[in-house]
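Shown below: entry.pdb, with PDB, C-alpha atoms.
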```
ATOM      1  CA  MET I   1      11.670 -24.005  31.675
ATOM      2  CA  SER I   2      12.065 -27.047  29.406
ATOM      3  CA  MET I   3      11.452 -27.026  25.652
ATOM      4  CA  LYS I   4      11.878 -29.347  22.704
ATOM      5  CA  VAL I   5      12.750 -28.443  19.114
ATOM      6  CA  LYS I   6      13.372 -31.080  16.422
ATOM      7  CA  ASP I   7      14.008 -33.833  18.954
ATOM      8  CA  VAL I   8      16.470 -31.703  20.928
ATOM      9  CA  ASP I   9      15.526 -31.189  24.558
ATOM     10  CA  PHE I  10      16.787 -27.996  26.157
ATOM     11  CA  ASP I  11      16.252 -25.785  29.164
ATOM     12  CA  ILE I  12      16.086 -22.000  29.335
ATOM     13  CA  ILE I  13      18.532 -20.508  31.844
ATOM     14  CA  GLU I  14      18.492 -16.860  32.820
ATOM     15  CA  ASN I  15      21.594 -15.006  33.970
ATOM     16  CA  PRO I  16      24.182 -17.790  34.135
ATOM     17  CA  ALA I  17      26.988 -17.218  36.617
ATOM     18  CA  PRO I  18      30.078 -15.371  35.327
ATOM     19  CA  THR I  19      32.064 -18.584  35.792
ATOM     20  CA  SER I  20      29.616 -20.686  33.749
ATOM     21  CA  HIS I  21      31.021 -22.637  30.789
ATOM     22  CA  LEU I  22      28.174 -21.166  28.717
ATOM     23  CA  TRP I  23      29.983 -17.853  28.395
ATOM     24  CA  LYS I  24      33.002 -19.570  26.869
ATOM     25  CA  GLN I  25      30.811 -21.416  24.367
ATOM     26  CA  TRP I  26      28.974 -18.200  23.550
ATOM     27  CA  LYS I  27      32.274 -16.379  23.005
ATOM     28  CA  HIS I  28      33.463 -18.928  20.444
ATOM     29  CA  MET I  29      30.276 -18.486  18.408
ATOM     30  CA  SER I  30      31.013 -14.812  17.917
ATOM     31  CA  THR I  31      33.000 -14.155  14.744
ATOM     32  CA  ARG I  32      34.439 -10.798  15.807
ATOM     33  CA  SER I  33      34.497  -8.571  18.871
ATOM     34  CA  VAL I  34      36.039  -5.137  19.335
ATOM     35  CA  TRP I  35      36.920  -3.755  22.751
ATOM     36  CA  ALA I  36      37.771  -0.364  24.179
ATOM     37  CA  VAL I  37      40.005  -0.565  27.246
ATOM     38  CA  THR I  38      41.587   1.955  29.576
ATOM     39  CA  LYS I  39      45.142   3.139  28.912
ATOM     40  CA  THR I  40      46.252   1.887  32.300
ATOM     41  CA  SER I  41      48.183  -1.125  33.465
ATOM     42  CA  GLU I  42      44.897  -2.837  34.363
ATOM     43  CA  ARG I  43      43.518  -2.427  30.804
ATOM     44  CA  ASN I  44      39.989  -2.378  32.193
ATOM     45  CA  MET I  45      36.988  -2.594  29.923
ATOM     46  CA  VAL I  46      35.402   0.627  28.678
ATOM     47  CA  GLY I  47      33.058  -0.938  26.153
ATOM     48  CA  SER I  48      32.686  -3.600  23.511
ATOM     49  CA  VAL I  49      30.703  -4.504  20.441
ATOM     50  CA  VAL I  50      30.205  -7.934  18.886
ATOM     51  CA  TRP I  51      29.956  -8.692  15.170
ATOM     52  CA  ASN I  52      28.530 -12.062  14.122
ATOM     53  CA  GLU I  53      28.646 -13.287  10.549
ATOM     54  CA  TYR I  54      27.437 -16.732   9.511
ATOM     55  CA  ASP I  55      24.923 -18.383   7.194
ATOM     56  CA  ASP I  56      25.283 -15.365   4.872
ATOM     57  CA  LEU I  57      23.829 -13.109   7.566
ATOM     58  CA  CYS I  58      25.516 -10.392   9.585
ATOM     59  CA  PHE I  59      24.480  -9.275  13.054
ATOM     60  CA  LEU I  60      25.893  -6.243  14.821
ATOM     61  CA  GLY I  61      24.827  -6.089  18.406
ATOM     62  CA  PHE I  62      25.623  -6.642  22.061
ATOM     63  CA  TYR I  63      27.091  -3.171  22.446
ATOM     64  CA  LEU I  64      28.084  -2.821  26.091
ATOM     65  CA  LEU I  65      29.508   0.170  27.914
ATOM     66  CA  ALA I  66      30.876   0.048  31.445
ATOM     67  CA  PRO I  67      28.514   1.831  33.882
ATOM     68  CA  GLU I  68      30.944   4.619  34.757
ATOM     69  CA  TYR I  69      31.048   5.682  31.094
ATOM     70  CA  ARG I  70      27.284   5.762  30.593
ATOM     71  CA  VAL I  71      26.517   8.764  32.752
ATOM     72  CA  LEU I  72      24.929  11.842  31.220
ATOM     73  CA  LYS I  73      27.980  14.023  31.803
ATOM     74  CA  MET I  74      29.909  11.905  29.271
ATOM     75  CA  VAL I  75      27.577  12.787  26.387
ATOM     76  CA  PRO I  76      29.167  16.179  25.528
ATOM     77  CA  LYS I  77      32.594  14.548  25.480
ATOM     78  CA  TYR I  78      31.521  11.787  23.096
ATOM     79  CA  LYS I  79      29.613  14.227  20.910
ATOM     80  CA  ALA I  80      32.472  16.708  20.667
ATOM     81  CA  HIS I  81      34.834  13.956  19.578
ATOM     82  CA  ASP I  82      32.675  11.868  17.230
ATOM     83  CA  THR I  83      29.568  13.800  16.116
ATOM     84  CA  PRO I  84      30.099  17.520  16.684
ATOM     85  CA  VAL I  85      27.735  18.633  13.901
ATOM     86  CA  ASP I  86      23.965  18.550  14.419
ATOM     87  CA  GLY I  87      21.931  17.739  11.344
ATOM     88  CA  PRO I  88      18.421  19.095  10.790
ATOM     89  CA  LEU I  89      15.446  17.900  12.784
ATOM     90  CA  LEU I  90      13.206  15.341  11.086
ATOM     91  CA  GLU I  91       9.519  16.043  11.759
ATOM     92  CA  ASN I  92       6.442  14.071  10.753
ATOM     93  CA  PHE I  93       2.895  15.276  10.181
ATOM     94  CA  GLN I  94      -0.119  12.942  10.045
ATOM     95  CA  ILE I  95      -3.507  13.645   8.477
ATOM     96  CA  SER I  96      -6.421  11.496   7.302
ATOM     97  CA  SER I  97      -7.146  11.045   3.596
ATOM     98  CA  ASN I  98     -10.455  12.830   4.046
ATOM     99  CA  ASP I  99      -8.986  15.812   5.906
ATOM    100  CA  PHE I 100      -6.102  16.073   3.451
ATOM    101  CA  HIS I 101      -8.520  16.179   0.525
ATOM    102  CA  ALA I 102     -10.766  18.729   2.243
ATOM    103  CA  ALA I 103      -7.831  20.979   3.139
ATOM    104  CA  LEU I 104      -6.773  21.172  -0.505
ATOM    105  CA  MET I 105     -10.206  21.831  -2.001
ATOM    106  CA  ASN I 106      -9.709  25.604  -2.069
ATOM    107  CA  TYR I 107      -6.274  25.500  -3.666
ATOM    108  CA  LYS I 108      -6.320  26.382  -7.342
ATOM    109  CA  SER I 109      -5.781  23.763 -10.021
ATOM    110  CA  LEU I 110      -3.318  24.517 -12.800
ATOM    111  CA  ASP I 111      -3.477  23.793 -16.511
ATOM    112  CA  LEU I 112      -1.232  20.749 -16.301
ATOM    113  CA  THR I 113      -1.469  17.248 -17.704
ATOM    114  CA  GLN I 114      -0.644  14.289 -15.499
ATOM    115  CA  LYS I 115       0.348  10.679 -15.938
ATOM    116  CA  PHE I 116       0.962   7.808 -13.552
ATOM    117  CA  VAL I 117       4.609   6.779 -13.439
ATOM    118  CA  LYS I 118       3.687   3.166 -14.202
ATOM    119  CA  ASP I 119       2.134   4.329 -17.494
ATOM    120  CA  LEU I 120       5.173   6.239 -18.753
ATOM    121  CA  SER I 121       6.646   5.277 -22.099
ATOM    122  CA  LYS I 122      10.351   4.453 -22.373
ATOM    123  CA  GLU I 123      11.117   7.995 -23.529
ATOM    124  CA  GLU I 124       8.962   9.504 -20.780
ATOM    125  CA  TRP I 125      10.694   7.325 -18.192
ATOM    126  CA  GLU I 126      14.084   8.625 -19.299
ATOM    127  CA  GLN I 127      12.744  12.177 -19.080
ATOM    128  CA  PHE I 128      11.469  11.407 -15.579
ATOM    129  CA  LEU I 129      14.896  10.098 -14.513
ATOM    130  CA  LYS I 130      16.577  13.259 -15.785
ATOM    131  CA  TYR I 131      14.125  15.419 -13.855
ATOM    132  CA  ASP I 132      14.732  13.411 -10.683
ATOM    133  CA  GLN I 133      18.490  13.775 -11.071
ATOM    134  CA  SER I 134      18.197  17.520 -11.679
ATOM    135  CA  VAL I 135      16.342  17.850  -8.360
ATOM    136  CA  THR I 136      18.209  15.345  -6.181
ATOM    137  CA  GLY I 137      21.681  15.804  -7.628
ATOM    138  CA  ARG I 138      22.010  12.015  -7.865
ATOM    139  CA  ASP I 139      21.585   9.283 -10.436
ATOM    140  CA  ARG I 140      18.892   7.204  -8.714
ATOM    141  CA  HIS I 141      17.708   5.147 -11.690
ATOM    142  CA  GLU I 142      18.376   1.762 -10.056
ATOM    143  CA  PHE I 143      16.443   2.690  -6.930
ATOM    144  CA  LEU I 144      13.577   4.236  -8.925
ATOM    145  CA  GLU I 145      13.343   1.144 -11.152
ATOM    146  CA  ILE I 146      12.674  -0.934  -8.055
ATOM    147  CA  TYR I 147      10.488   1.627  -6.313
ATOM    148  CA  PHE I 148       8.109   2.307  -9.187
ATOM    149  CA  LYS I 149       8.347  -0.784 -11.403
ATOM    150  CA  LYS I 150       9.044  -3.784  -9.173
ATOM    151  CA  LEU I 151       6.910  -2.869  -6.170
ATOM    152  CA  ASP I 152       3.200  -3.272  -6.829
ATOM    153  CA  TYR I 153       2.079  -1.112  -3.905
ATOM    154  CA  THR I 154       3.752   2.196  -4.819
ATOM    155  CA  PHE I 155       2.410   4.769  -7.219
ATOM    156  CA  GLY I 156       3.515   8.129  -8.490
ATOM    157  CA  ILE I 157       2.163  10.924 -10.660
ATOM    158  CA  VAL I 158       4.154  13.079 -13.083
ATOM    159  CA  PHE I 159       2.891  16.517 -14.104
ATOM    160  CA  TYR I 160       3.641  18.247 -17.409
ATOM    161  CA  GLU I 161       3.202  21.785 -18.639
ATOM    162  CA  LYS I 162       2.054  22.533 -22.205
ATOM    163  CA  THR I 163       5.587  22.204 -23.575
ATOM    164  CA  ASP I 164       5.665  18.633 -22.193
ATOM    165  CA  ASN I 165       8.340  19.556 -19.675
ATOM    166  CA  ILE I 166       8.022  17.890 -16.283
ATOM    167  CA  VAL I 167       7.165  20.383 -13.552
ATOM    168  CA  SER I 168       6.326  18.087 -10.623
ATOM    169  CA  VAL I 169       6.445  14.527  -9.288
ATOM    170  CA  ILE I 170       4.580  13.123  -6.297
ATOM    171  CA  SER I 171       4.329   9.595  -4.909
ATOM    172  CA  ALA I 172       2.733   7.538  -2.135
ATOM    173  CA  VAL I 173       3.726   4.240  -0.532
ATOM    174  CA  PRO I 174       2.269   2.174   2.344
ATOM    175  CA  THR I 175       4.371   2.271   5.492
ATOM    176  CA  GLY I 176       4.190   0.332   8.749
ATOM    177  CA  HIS I 177       1.759  -2.514   9.415
ATOM    178  CA  LEU I 178      -0.978  -2.919   6.803
ATOM    179  CA  GLU I 179      -3.778  -2.836   9.368
ATOM    180  CA  LYS I 180      -2.738   0.682  10.383
ATOM    181  CA  LYS I 181      -3.424   1.946   6.832
ATOM    182  CA  LEU I 182      -0.534   4.389   6.894
ATOM    183  CA  PHE I 183       0.727   5.915   3.647
ATOM    184  CA  LYS I 184       3.841   8.007   3.307
ATOM    185  CA  ILE I 185       3.591  10.834   0.794
ATOM    186  CA  SER I 186       7.057  11.187  -0.716
ATOM    187  CA  PRO I 187       8.665  12.582  -2.647
ATOM    188  CA  LEU I 188       7.096  15.833  -3.777
ATOM    189  CA  PHE I 189       9.265  17.693  -6.236
ATOM    190  CA  ALA I 190       7.840  20.775  -7.951
ATOM    191  CA  ASN I 191       9.036  23.816  -9.866
ATOM    192  CA  SER I 192       6.883  26.194  -7.801
ATOM    193  CA  THR I 193       4.704  26.302  -4.705
ATOM    194  CA  ASP I 194       1.510  26.505  -6.786
ATOM    195  CA  THR I 195       2.615  23.432  -8.728
ATOM    196  CA  ALA I 196       3.363  21.575  -5.494
ATOM    197  CA  PHE I 197      -0.128  22.191  -4.128
ATOM    198  CA  HIS I 198      -1.649  21.192  -7.477
ATOM    199  CA  ALA I 199       0.229  17.885  -7.189
ATOM    200  CA  MET I 200      -0.937  17.374  -3.600
ATOM    201  CA  LYS I 201      -4.494  18.092  -4.657
ATOM    202  CA  ALA I 202      -4.222  15.471  -7.407
ATOM    203  CA  ILE I 203      -2.825  12.788  -5.126
ATOM    204  CA  SER I 204      -5.442  13.610  -2.487
ATOM    205  CA  ASP I 205      -8.106  12.675  -5.069
ATOM    206  CA  VAL I 206      -6.424   9.303  -5.625
ATOM    207  CA  MET I 207      -5.973   8.608  -1.921
ATOM    208  CA  LEU I 208      -9.573   9.513  -1.074
ATOM    209  CA  ASP I 209     -10.846   7.302  -3.887
ATOM    210  CA  GLN I 210      -8.624   4.277  -3.257
ATOM    211  CA  HIS I 211      -7.803   4.594   0.457
ATOM    212  CA  PRO I 212     -10.524   6.712   2.113
ATOM    213  CA  ASN I 213      -9.700   5.426   5.603
ATOM    214  CA  ALA I 214      -5.953   5.884   5.333
ATOM    215  CA  THR I 215      -3.733   8.114   7.421
ATOM    216  CA  LEU I 216      -1.139  10.028   5.445
ATOM    217  CA  VAL I 217       2.321  10.719   6.849
ATOM    218  CA  VAL I 218       4.629  13.466   5.604
ATOM    219  CA  TYR I 219       8.236  13.747   6.776
ATOM    220  CA  LEU I 220       9.801  17.206   6.581
ATOM    221  CA  VAL I 221      13.286  18.431   7.346
ATOM    222  CA  GLY I 222      13.628  21.352   9.731
ATOM    223  CA  ILE I 223      15.824  23.623   7.635
ATOM    224  CA  LEU I 224      15.082  27.046   6.199
ATOM    225  CA  ASP I 225      16.696  26.383   2.828
ATOM    226  CA  GLY I 226      14.560  25.129  -0.017
ATOM    227  CA  SER I 227      10.808  24.647  -0.006
ATOM    228  CA  PHE I 228      10.223  22.595   3.160
ATOM    229  CA  THR I 229       8.744  25.596   4.954
ATOM    230  CA  ALA I 230       5.763  25.777   2.565
ATOM    231  CA  LEU I 231       4.360  22.477   3.834
ATOM    232  CA  GLN I 232       5.342  23.140   7.422
ATOM    233  CA  LYS I 233       3.130  26.229   7.261
ATOM    234  CA  PHE I 234       0.370  24.229   5.521
ATOM    235  CA  PHE I 235       0.161  21.684   8.337
ATOM    236  CA  LYS I 236       0.534  24.214  11.120
ATOM    237  CA  ASP I 237      -2.290  26.296   9.639
ATOM    238  CA  LEU I 238      -4.406  23.141  10.014
ATOM    239  CA  ASN I 239      -3.364  22.962  13.694
ATOM    240  CA  ILE I 240      -1.593  19.669  13.076
ATOM    241  CA  LYS I 241       1.270  19.258  15.499
ATOM    242  CA  SER I 242       4.444  17.651  14.279
ATOM    243  CA  GLY I 243       5.969  14.545  15.753
ATOM    244  CA  ILE I 244       9.714  14.274  16.181
ATOM    245  CA  SER I 245      11.223  11.413  14.198
ATOM    246  CA  GLY I 246      14.859  12.105  14.980
ATOM    247  CA  ILE I 247      17.963  14.115  14.342
ATOM    248  CA  THR I 248      21.099  13.049  12.524
ATOM    249  CA  LEU I 249      24.491  13.692  14.100
ATOM    250  CA  TYR I 250      27.426  14.170  11.750
ATOM    251  CA  SER I 251      31.169  13.880  12.172
ATOM    252  CA  ASP I 252      31.579  16.797   9.759
ATOM    253  CA  HIS I 253      29.468  19.275   7.813
ATOM    254  CA  TYR I 254      27.346  17.391   5.281
ATOM    255  CA  PRO I 255      27.049  19.217   1.931
ATOM    256  CA  GLN I 256      23.525  19.743   0.691
ATOM    257  CA  GLN I 257      22.629  17.969  -2.533
ATOM    258  CA  GLY I 258      20.420  18.895  -5.460
ATOM    259  CA  ASP I 259      17.994  21.752  -6.030
ATOM    260  CA  LEU I 260      16.358  22.329  -2.654
ATOM    261  CA  ASP I 261      13.992  24.942  -4.071
ATOM    262  CA  LYS I 262      12.140  22.105  -5.837
ATOM    263  CA  VAL I 263      12.081  19.723  -2.872
ATOM    264  CA  PHE I 264       8.832  20.101  -0.922
ATOM    265  CA  ILE I 265       8.845  16.566   0.528
ATOM    266  CA  PRO I 266      12.072  14.507   0.487
ATOM    267  CA  HIS I 267      11.902  10.922  -0.667
ATOM    268  CA  ASN I 268      13.302   8.932   2.241
ATOM    269  CA  SER I 269      12.029   8.844   5.790
ATOM    270  CA  SER I 270      15.640   9.163   6.877
ATOM    271  CA  CYS I 271      15.791  12.161   4.620
ATOM    272  CA  HIS I 272      18.699  13.839   6.377
ATOM    273  CA  PHE I 273      20.905  11.858   4.035
ATOM    274  CA  ASP I 274      19.033  13.037   0.929
ATOM    275  CA  TYR I 275      19.683  16.712   1.479
TER     276      TYR I 275
END
```

Can the structure from this file be put into structure tokens for me?
Amino acid sequence: MSMKVKDVDFDIIENPAPTSHLWKQWKHMSTRSVWAVTKTSERNMVGSVVWNEYDDLCFLGFYLLAPEYRVLKMVPKYKAHDTPVDGPLLENFQISSNDFHAALMNYKSLDLTQKFVKDLSKEEWEQFLKYDQSVTGRDRHEFLEIYFKKLDYTFGIVFYEKTDNIVSVISAVPTGHLEKKLFKISPLFANSTDTAFHAMKAISDVMLDQHPNATLVVYLVGILDGSFTALQKFFKDLNIKSGISGITLYSDHYPQQGDLDKVFIPHNSSCHFDY
């Protein structure tokens, strides 16, 4: 196959011979490579990974493992050495805006006031940040500044009791390709289960009004601590089967962060690292 880009003619070659000069030229373009070799006199290759860094971009790729080390029986050995601790399972539940709204119709509404995050005053924003930190155990103000103030496609709702204390926060953000009309509902922090369902009911009104044809995605962590089980039961009662998004493997036990009793939906899709 012949091609031409900016007055440079070139051919496409598949699978050049091991003795081809192309491999030597390719090797010199790589800025770093790390190799695992056998502890024998032959020093045979076990595996390698290539790191390329140029034009202010970094690429980590071309991870190769010799065939004899790829077999299934090697997995327990690698896992026992590098990632012996299994993290929780990450599940996802999907439901249409219409079905989500209908499912919440019979849940009671509470005597709470609500305000969109984008409409918070400076003092209210600081109060919101303190509430977030009390739940997550982290100072996330830089991330939240970007998420709520610099992105024009995210929105969140804050809920207050009569004493003006924050009792819940819920948010939605588009995810995936726009034509798929997928929205991730996250996070959902609440001081009680009733408050959490009040918040979901409120955001279901917004989603049905603004995105009636959307599909909503909720990512939940498969652990018994905290409040994740409340929504797992909610979706399973609707006969919505969960999809498996992944599982995180740890080199050591990862300490849980924050107040899990108030976390009904974690913020990040890769939420193993949140909690």

Inset, instruction - Please evaluate the PyMOL selection byres ((chain I and resi 132-147) around 8) against the displayed coordinates and give the resulting residues as a PyMOL selection string. - result: chain I and resi 128-131+148-151+154+189+257-260+262-263+274-275

Only C-alpha atoms, please: the residues just picked out, written as a PDB file, in the frame of the given file.
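So result_9.pdb came out as:
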```pdb
ATOM      1  CA  PHE I 128      11.469  11.407 -15.579  1.00  0.00           C
ATOM      2  CA  LEU I 129      14.896  10.098 -14.513  1.00  0.00           C
ATOM      3  CA  LYS I 130      16.577  13.259 -15.785  1.00  0.00           C
ATOM      4  CA  TYR I 131      14.125  15.419 -13.855  1.00  0.00           C
ATOM      5  CA  PHE I 148       8.109   2.307  -9.187  1.00  0.00           C
ATOM      6  CA  LYS I 149       8.347  -0.784 -11.403  1.00  0.00           C
ATOM      7  CA  LYS I 150       9.044  -3.784  -9.173  1.00  0.00           C
ATOM      8  CA  LEU I 151       6.910  -2.869  -6.170  1.00  0.00           C
ATOM      9  CA  THR I 154       3.752   2.196  -4.819  1.00  0.00           C
ATOM     10  CA  PHE I 189       9.265  17.693  -6.236  1.00  0.00           C
ATOM     11  CA  GLN I 257      22.629  17.969  -2.533  1.00  0.00           C
ATOM     12  CA  GLY I 258      20.420  18.895  -5.460  1.00  0.00           C
ATOM     13  CA  ASP I 259      17.994  21.752  -6.030  1.00  0.00           C
ATOM     14  CA  LEU I 260      16.358  22.329  -2.654  1.00  0.00           C
ATOM     15  CA  LYS I 262      12.140  22.105  -5.837  1.00  0.00           C
ATOM     16  CA  VAL I 263      12.081  19.723  -2.872  1.00  0.00           C
ATOM     17  CA  ASP I 274      19.033  13.037   0.929  1.00  0.00           C
ATOM     18  CA  TYR I 275      19.683  16.712   1.479  1.00  0.00           C
TER      19      TYR I 275
END
```

Legend entry - For range 21-29 of chain I: contacts at 10 Å, all atoms listed in the file, fewer than 5 positions along chain excluded, given as a list of chain:residue names: I:Pro16, I:Val50, I:Asn52, I:Glu53, I:Tyr54

Inset, instruction - Identify, on the basis of only C-alpha atoms, every residue whose closest approach to Pro266 in chain I does not exceed 12 Å; exclude the query and any residue fewer than 6 positions from it along the same chain; express the result as a PyMOL selection string. - result: chain I and resi 90-92+132+135-136+169-172+184-190+218-222+226-228+231+257-260+272-275

Could you save those same residues with C-alpha atoms as an mmCIF file, in the frame of the given file?
```cif
data_model
loop_
_atom_site.group_PDB
_atom_site.id
_atom_site.type_symbol
_atom_site.label_atom_id
_atom_site.label_comp_id
_atom_site.auth_asym_id
_atom_site.auth_seq_id
_atom_site.Cartn_x
_atom_site.Cartn_y
_atom_site.Cartn_z
ATOM 1 C CA LEU I 90 13.206 15.341 11.086
ATOM 2 C CA GLU I 91 9.519 16.043 11.759
ATOM 3 C CA ASN I 92 6.442 14.071 10.753
ATOM 4 C CA ASP I 132 14.732 13.411 -10.683
ATOM 5 C CA VAL I 135 16.342 17.850 -8.360
ATOM 6 C CA THR I 136 18.209 15.345 -6.181
ATOM 7 C CA VAL I 169 6.445 14.527 -9.288
ATOM 8 C CA ILE I 170 4.580 13.123 -6.297
ATOM 9 C CA SER I 171 4.329 9.595 -4.909
ATOM 10 C CA ALA I 172 2.733 7.538 -2.135
ATOM 11 C CA LYS I 184 3.841 8.007 3.307
ATOM 12 C CA ILE I 185 3.591 10.834 0.794
ATOM 13 C CA SER I 186 7.057 11.187 -0.716
ATOM 14 C CA PRO I 187 8.665 12.582 -2.647
ATOM 15 C CA LEU I 188 7.096 15.833 -3.777
ATOM 16 C CA PHE I 189 9.265 17.693 -6.236
ATOM 17 C CA ALA I 190 7.840 20.775 -7.951
ATOM 18 C CA VAL I 218 4.629 13.466 5.604
ATOM 19 C CA TYR I 219 8.236 13.747 6.776
ATOM 20 C CA LEU I 220 9.801 17.206 6.581
ATOM 21 C CA VAL I 221 13.286 18.431 7.346
ATOM 22 C CA GLY I 222 13.628 21.352 9.731
ATOM 23 C CA GLY I 226 14.560 25.129 -0.017
ATOM 24 C CA SER I 227 10.808 24.647 -0.006
ATOM 25 C CA PHE I 228 10.223 22.595 3.160
ATOM 26 C CA LEU I 231 4.360 22.477 3.834
ATOM 27 C CA GLN I 257 22.629 17.969 -2.533
ATOM 28 C CA GLY I 258 20.420 18.895 -5.460
ATOM 29 C CA ASP I 259 17.994 21.752 -6.030
ATOM 30 C CA LEU I 260 16.358 22.329 -2.654
ATOM 31 C CA HIS I 272 18.699 13.839 6.377
ATOM 32 C CA PHE I 273 20.905 11.858 4.035
ATOM 33 C CA ASP I 274 19.033 13.037 0.929
ATOM 34 C CA TYR I 275 19.683 16.712 1.479
#
```

Could you work out an axis-aligned box for range 236-241 of chain I, taking every atom the file lists and adding 3 Å on each side, and report centre and edge lengths in Å to one decimal, as JSON?
```
{"center_x": -1.6, "center_y": 22.8, "center_z": 12.6, "size_x": 11.7, "size_y": 13.0, "size_z": 11.9}
```

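For the pair CA of Val75 in chain I and CA of Tyr63 in chain I, the separation is 16.4 Å.
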
Inset, instruction - Determine, counting only C-alpha atoms, every residue of protein, DNA or RNA that lies within 12 Å of (41.7, -7.2, 25.8) in the file coordinates, then give the result as a PyMOL selection string. - result: chain I and resi 33-39+41-48

Mind filling out range 115-134 of chain I with N, CA and C atoms and sending it as a tab-separated table (two decimals), keeping the file's coordinate frame?
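Below is the file selection24.tsv, written as the result:
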```tsv
chain	number	residue	atom	x	y	z
I	115	LYS	N	0.24	12.07	-15.51
I	115	LYS	CA	0.35	10.68	-15.94
I	115	LYS	C	0.95	9.87	-14.80
I	116	PHE	N	0.39	8.68	-14.57
I	116	PHE	CA	0.96	7.81	-13.55
I	116	PHE	C	2.33	7.31	-14.02
I	117	VAL	N	3.26	7.20	-13.09
I	117	VAL	CA	4.61	6.78	-13.44
I	117	VAL	C	4.60	5.41	-14.10
I	118	LYS	N	3.73	4.52	-13.63
I	118	LYS	CA	3.69	3.17	-14.20
I	118	LYS	C	3.24	3.16	-15.66
I	119	ASP	N	2.62	4.26	-16.12
I	119	ASP	CA	2.13	4.33	-17.49
I	119	ASP	C	3.08	5.09	-18.42
I	120	LEU	N	4.24	5.48	-17.93
I	120	LEU	CA	5.17	6.24	-18.75
I	120	LEU	C	5.77	5.37	-19.85
I	121	SER	N	5.95	5.97	-21.02
I	121	SER	CA	6.65	5.28	-22.10
I	121	SER	C	8.14	5.24	-21.79
I	122	LYS	N	8.91	4.54	-22.59
I	122	LYS	CA	10.35	4.45	-22.37
I	122	LYS	C	10.98	5.83	-22.42
I	123	GLU	N	10.57	6.64	-23.40
I	123	GLU	CA	11.12	8.00	-23.53
I	123	GLU	C	10.69	8.87	-22.35
I	124	GLU	N	9.45	8.72	-21.92
I	124	GLU	CA	8.96	9.50	-20.78
I	124	GLU	C	9.67	9.10	-19.49
I	125	TRP	N	9.97	7.81	-19.37
I	125	TRP	CA	10.69	7.32	-18.19
I	125	TRP	C	12.09	7.94	-18.13
I	126	GLU	N	12.76	8.01	-19.26
I	126	GLU	CA	14.08	8.62	-19.30
I	126	GLU	C	14.00	10.11	-18.95
I	127	GLN	N	12.96	10.76	-19.42
I	127	GLN	CA	12.74	12.18	-19.08
I	127	GLN	C	12.51	12.33	-17.58
I	128	PHE	N	11.74	11.41	-17.02
I	128	PHE	CA	11.47	11.41	-15.58
I	128	PHE	C	12.76	11.24	-14.78
I	129	LEU	N	13.63	10.32	-15.21
I	129	LEU	CA	14.90	10.10	-14.51
I	129	LEU	C	15.77	11.35	-14.54
I	130	LYS	N	15.78	12.03	-15.67
I	130	LYS	CA	16.58	13.26	-15.78
I	130	LYS	C	16.04	14.34	-14.86
I	131	TYR	N	14.71	14.43	-14.76
I	131	TYR	CA	14.12	15.42	-13.86
I	131	TYR	C	14.49	15.10	-12.41
I	132	ASP	N	14.39	13.82	-12.04
I	132	ASP	CA	14.73	13.41	-10.68
I	132	ASP	C	16.18	13.76	-10.37
I	133	GLN	N	17.08	13.49	-11.31
I	133	GLN	CA	18.49	13.78	-11.07
I	133	GLN	C	18.75	15.27	-10.97
I	134	SER	N	18.01	16.07	-11.75
I	134	SER	CA	18.20	17.52	-11.68
I	134	SER	C	17.77	18.07	-10.32
```
